[in-house]
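K.L.:
My structure is stored as target-v1.pdb, with PDB, N, CA and C atoms.
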ATOM      1  N   MET A   1      10.804  33.931  16.493
ATOM      2  CA  MET A   1       9.623  34.427  17.153
ATOM      3  C   MET A   1       8.373  34.156  16.308
ATOM      4  N   ARG A   2       8.445  34.399  15.025
ATOM      5  CA  ARG A   2       7.281  34.167  14.163
ATOM      6  C   ARG A   2       6.985  32.684  14.031
ATOM      7  N   ARG A   3       8.000  31.864  13.987
ATOM      8  CA  ARG A   3       7.770  30.427  13.849
ATOM      9  C   ARG A   3       7.013  29.898  15.056
ATOM     10  N   ARG A   4       7.341  30.371  16.224
ATOM     11  CA  ARG A   4       6.626  29.925  17.420
ATOM     12  C   ARG A   4       5.162  30.352  17.346
ATOM     13  N   PHE A   5       4.930  31.547  16.852
ATOM     14  CA  PHE A   5       3.561  32.048  16.746
ATOM     15  C   PHE A   5       2.733  31.170  15.811
ATOM     16  N   PHE A   6       3.281  30.843  14.630
ATOM     17  CA  PHE A   6       2.545  30.015  13.684
ATOM     18  C   PHE A   6       2.382  28.590  14.179
ATOM     19  N   ARG A   7       3.378  28.064  14.862
ATOM     20  CA  ARG A   7       3.240  26.709  15.413
ATOM     21  C   ARG A   7       2.155  26.671  16.470
ATOM     22  N   ARG A   8       2.051  27.723  17.257
ATOM     23  CA  ARG A   8       1.023  27.779  18.288
ATOM     24  C   ARG A   8      -0.364  27.861  17.643
ATOM     25  N   ILE A   9      -0.482  28.584  16.541
ATOM     26  CA  ILE A   9      -1.770  28.706  15.854
ATOM     27  C   ILE A   9      -2.182  27.373  15.242
ATOM     28  N   LEU A  10      -1.232  26.670  14.660
ATOM     29  CA  LEU A  10      -1.555  25.434  13.945
ATOM     30  C   LEU A  10      -1.813  24.250  14.863
ATOM     31  N   LYS A  11      -1.610  24.403  16.146
ATOM     32  CA  LYS A  11      -1.893  23.310  17.078
ATOM     33  C   LYS A  11      -3.305  23.445  17.606
ATOM     34  N   GLY A  12      -3.976  22.334  17.804
ATOM     35  CA  GLY A  12      -5.292  22.344  18.417
ATOM     36  C   GLY A  12      -6.405  22.655  17.439
ATOM     37  N   LYS A  13      -7.563  22.984  18.031
ATOM     38  CA  LYS A  13      -8.763  23.221  17.216
ATOM     39  C   LYS A  13      -8.669  24.500  16.409
ATOM     40  N   ASN A  14      -8.006  25.517  16.934
ATOM     41  CA  ASN A  14      -7.868  26.765  16.182
ATOM     42  C   ASN A  14      -7.070  26.533  14.900
ATOM     43  N   GLY A  15      -6.043  25.757  14.997
ATOM     44  CA  GLY A  15      -5.238  25.452  13.814
ATOM     45  C   GLY A  15      -6.005  24.630  12.800
ATOM     46  N   GLN A  16      -6.780  23.672  13.293
ATOM     47  CA  GLN A  16      -7.580  22.848  12.388
ATOM     48  C   GLN A  16      -8.608  23.710  11.667
ATOM     49  N   THR A  17      -9.230  24.611  12.379
ATOM     50  CA  THR A  17     -10.213  25.498  11.765
ATOM     51  C   THR A  17      -9.567  26.392  10.720
ATOM     52  N   ALA A  18      -8.401  26.920  11.043
ATOM     53  CA  ALA A  18      -7.699  27.791  10.097
ATOM     54  C   ALA A  18      -7.337  27.033   8.826
ATOM     55  N   VAL A  19      -6.845  25.826   8.973
ATOM     56  CA  VAL A  19      -6.472  25.014   7.813
ATOM     57  C   VAL A  19      -7.711  24.656   6.986
ATOM     58  N   GLU A  20      -8.812  24.333   7.666
ATOM     59  CA  GLU A  20     -10.043  24.014   6.938
ATOM     60  C   GLU A  20     -10.547  25.215   6.156
ATOM     61  N   TYR A  21     -10.495  26.401   6.764
ATOM     62  CA  TYR A  21     -10.913  27.608   6.051
ATOM     63  C   TYR A  21     -10.021  27.868   4.844
ATOM     64  N   LEU A  22      -8.736  27.688   4.993
ATOM     65  CA  LEU A  22      -7.817  27.912   3.871
ATOM     66  C   LEU A  22      -8.072  26.918   2.743
ATOM     67  N   LEU A  23      -8.266  25.657   3.087
ATOM     68  CA  LEU A  23      -8.527  24.649   2.059
ATOM     69  C   LEU A  23      -9.869  24.885   1.366
ATOM     70  N   THR A  24     -10.882  25.274   2.139
ATOM     71  CA  THR A  24     -12.182  25.565   1.550
ATOM     72  C   THR A  24     -12.094  26.763   0.613
ATOM     73  N   THR A  25     -11.386  27.786   1.039
ATOM     74  CA  THR A  25     -11.226  28.968   0.197
ATOM     75  C   THR A  25     -10.487  28.624  -1.087
ATOM     76  N   ALA A  26      -9.433  27.843  -0.981
ATOM     77  CA  ALA A  26      -8.673  27.451  -2.170
ATOM     78  C   ALA A  26      -9.533  26.617  -3.117
ATOM     79  N   ALA A  27     -10.323  25.713  -2.569
ATOM     80  CA  ALA A  27     -11.190  24.884  -3.412
ATOM     81  C   ALA A  27     -12.229  25.737  -4.134
ATOM     82  N   ARG A  28     -12.804  26.707  -3.423
ATOM     83  CA  ARG A  28     -13.806  27.576  -4.050
ATOM     84  C   ARG A  28     -13.190  28.440  -5.141
ATOM     85  N   VAL A  29     -11.992  28.924  -4.905
ATOM     86  CA  VAL A  29     -11.318  29.738  -5.929
ATOM     87  C   VAL A  29     -11.082  28.917  -7.185
ATOM     88  N   VAL A  30     -10.652  27.677  -7.020
ATOM     89  CA  VAL A  30     -10.397  26.805  -8.172
ATOM     90  C   VAL A  30     -11.693  26.508  -8.918
ATOM     91  N   VAL A  31     -12.764  26.230  -8.188
ATOM     92  CA  VAL A  31     -14.046  25.922  -8.830
ATOM     93  C   VAL A  31     -14.576  27.132  -9.593
ATOM     94  N   PHE A  32     -14.556  28.311  -8.963
ATOM     95  CA  PHE A  32     -15.084  29.491  -9.635
ATOM     96  C   PHE A  32     -14.204  29.926 -10.802
ATOM     97  N   ALA A  33     -12.909  29.727 -10.700
ATOM     98  CA  ALA A  33     -12.037  30.044 -11.830
ATOM     99  C   ALA A  33     -12.328  29.110 -13.003
ATOM    100  N   GLY A  34     -12.568  27.848 -12.722
ATOM    101  CA  GLY A  34     -12.928  26.907 -13.782
ATOM    102  C   GLY A  34     -14.267  27.235 -14.400
ATOM    103  N   MET A  35     -15.244  27.601 -13.562
ATOM    104  CA  MET A  35     -16.554  27.978 -14.088
ATOM    105  C   MET A  35     -16.445  29.230 -14.948
ATOM    106  N   TYR A  36     -15.639  30.182 -14.523
ATOM    107  CA  TYR A  36     -15.463  31.414 -15.295
ATOM    108  C   TYR A  36     -14.870  31.106 -16.664
ATOM    109  N   ALA A  37     -13.887  30.214 -16.701
ATOM    110  CA  ALA A  37     -13.262  29.860 -17.977
ATOM    111  C   ALA A  37     -14.272  29.209 -18.914
ATOM    112  N   VAL A  38     -15.089  28.309 -18.378
ATOM    113  CA  VAL A  38     -16.084  27.626 -19.212
ATOM    114  C   VAL A  38     -17.136  28.610 -19.704
ATOM    115  N   PHE A  39     -17.660  29.430 -18.799
ATOM    116  CA  PHE A  39     -18.693  30.389 -19.190
ATOM    117  C   PHE A  39     -18.160  31.455 -20.120
ATOM    118  N   GLN A  40     -16.935  31.889 -19.913
ATOM    119  CA  GLN A  40     -16.345  32.906 -20.775
ATOM    120  C   GLN A  40     -16.256  32.393 -22.209
ATOM    121  N   LYS A  41     -15.970  31.114 -22.354
ATOM    122  CA  LYS A  41     -15.822  30.532 -23.679
ATOM    123  C   LYS A  41     -17.167  30.399 -24.389
ATOM    124  N   HIS A  42     -18.191  29.982 -23.662
ATOM    125  CA  HIS A  42     -19.461  29.657 -24.292
ATOM    126  C   HIS A  42     -20.508  30.765 -24.190
ATOM    127  N   LEU A  43     -20.292  31.752 -23.352
ATOM    128  CA  LEU A  43     -21.306  32.779 -23.155
ATOM    129  C   LEU A  43     -21.521  33.626 -24.403
ATOM    130  N   GLY A  44     -20.452  33.946 -25.112
ATOM    131  CA  GLY A  44     -20.588  34.716 -26.348
ATOM    132  C   GLY A  44     -21.402  33.983 -27.389
ATOM    133  N   LEU A  45     -21.168  32.684 -27.499
ATOM    134  CA  LEU A  45     -21.942  31.883 -28.452
ATOM    135  C   LEU A  45     -23.418  31.815 -28.061
ATOM    136  N   LEU A  46     -23.688  31.703 -26.759
ATOM    137  CA  LEU A  46     -25.077  31.650 -26.317
ATOM    138  C   LEU A  46     -25.807  32.958 -26.608
ATOM    139  N   PHE A  47     -25.157  34.102 -26.367
ATOM    140  CA  PHE A  47     -25.783  35.388 -26.646
ATOM    141  C   PHE A  47     -26.005  35.580 -28.148
ATOM    142  N   LYS A  48     -25.055  35.126 -28.943
ATOM    143  CA  LYS A  48     -25.199  35.257 -30.392
ATOM    144  C   LYS A  48     -26.376  34.421 -30.890
ATOM    145  N   ASP A  49     -26.467  33.183 -30.444
ATOM    146  CA  ASP A  49     -27.581  32.319 -30.842
ATOM    147  C   ASP A  49     -28.922  32.882 -30.378
ATOM    148  N   ALA A  50     -28.968  33.405 -29.153
ATOM    149  CA  ALA A  50     -30.214  33.973 -28.640
ATOM    150  C   ALA A  50     -30.609  35.205 -29.449
ATOM    151  N   GLY A  51     -29.641  36.045 -29.819
ATOM    152  CA  GLY A  51     -29.935  37.218 -30.626
ATOM    153  C   GLY A  51     -30.469  36.852 -31.991
ATOM    154  N   VAL A  52     -29.903  35.831 -32.602
ATOM    155  CA  VAL A  52     -30.377  35.385 -33.917
ATOM    156  C   VAL A  52     -31.805  34.855 -33.815
ATOM    157  N   LYS A  53     -32.101  34.098 -32.767
ATOM    158  CA  LYS A  53     -33.455  33.562 -32.600
ATOM    159  C   LYS A  53     -34.466  34.676 -32.352
ATOM    160  N   ILE A  54     -34.087  35.659 -31.537
ATOM    161  CA  ILE A  54     -35.007  36.766 -31.258
ATOM    162  C   ILE A  54     -35.261  37.583 -32.519
ATOM    163  N   LEU A  55     -34.202  37.904 -33.237
ATOM    164  CA  LEU A  55     -34.373  38.727 -34.429
ATOM    165  C   LEU A  55     -35.055  37.981 -35.574
ATOM    166  N   SER A  56     -34.917  36.667 -35.621
ATOM    167  CA  SER A  56     -35.551  35.912 -36.699
ATOM    168  C   SER A  56     -37.051  35.749 -36.484
ATOM    169  N   THR A  57     -37.549  36.005 -35.286
ATOM    170  CA  THR A  57     -38.995  35.886 -35.043
ATOM    171  C   THR A  57     -39.737  37.089 -35.575
ATOM    172  N   TYR A  58     -39.084  38.229 -35.751
ATOM    173  CA  TYR A  58     -39.736  39.422 -36.266
ATOM    174  C   TYR A  58     -39.380  39.606 -37.737
ATOM    175  N   PRO A  59     -40.401  39.617 -38.589
ATOM    176  CA  PRO A  59     -40.102  39.798 -40.021
ATOM    177  C   PRO A  59     -39.660  41.231 -40.298
ATOM    178  N   VAL A  60     -38.726  41.357 -41.200
ATOM    179  CA  VAL A  60     -38.181  42.662 -41.549
ATOM    180  C   VAL A  60     -38.704  43.029 -42.926
ATOM    181  N   GLU A  61     -39.282  44.243 -43.024
ATOM    182  CA  GLU A  61     -39.771  44.708 -44.310
ATOM    183  C   GLU A  61     -38.684  45.535 -44.987
ATOM    184  N   VAL A  62     -38.364  45.159 -46.210
ATOM    185  CA  VAL A  62     -37.355  45.891 -46.969
ATOM    186  C   VAL A  62     -38.080  46.710 -48.028
ATOM    187  N   ARG A  63     -37.869  48.012 -48.061
ATOM    188  CA  ARG A  63     -38.543  48.865 -49.043
ATOM    189  C   ARG A  63     -37.598  49.321 -50.102
TER     190      ARG A  63
END
Let's see the structure in the file written out as structure tokens.
P.N.:
Amino acid sequence: MRRRFFRRILKGKNGQTAVEYLLTTAARVVVFAGMYAVFQKHLGLLFKDAGVKILSTYPVEVR
């Protein structure tokens, strides 16, 4: 019974639309997961460098 239901969905324009949505969703998940991995690796370094630059612009008086 379920196989007939899925075969009916996958035939015609409704099936094509469903498959396109699934493929688009999968592609977006892969892209965003890759972007997250890249940003996760380099974001800490960027914040550290920015903090050093900001703090180095203000002179510190030591008493």
K.L.:
Around all listed atoms of segment 40-49 of chain A, padded 5 Å per side, what centre and edge lengths does the axis-aligned box have in Å to one decimal, as JSON?
P.N.:
{"center_x": -22.4, "center_y": 32.6, "center_z": -25.4, "size_x": 23.1, "size_y": 15.9, "size_z": 21.0}
K.L.:
What is the distance, in Å and to one decimal place, between atom CA of Met35 of chain A and atom N of Phe47 of chain A?
P.N.:
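Calculated distance between atom CA of Met35 of chain A and atom N of Phe47 of chain A is 16.2 Å.
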K.L.:
Do you have the atom N of Gly44 of chain A-atom N of Thr57 of chain A distance handy?
P.N.:
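One can read the atom N of Gly44 of chain A to atom N of Thr57 of chain A distance as 20.0 Å.
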K.L.:
One decimal, Å: what's the distance from atom C of Thr24 of chain A over to atom C of Tyr36 of chain A, could you say?
P.N.:
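So the two atoms, atom C of Thr24 of chain A and atom C of Tyr36 of chain A, lie 18.0 Å apart.
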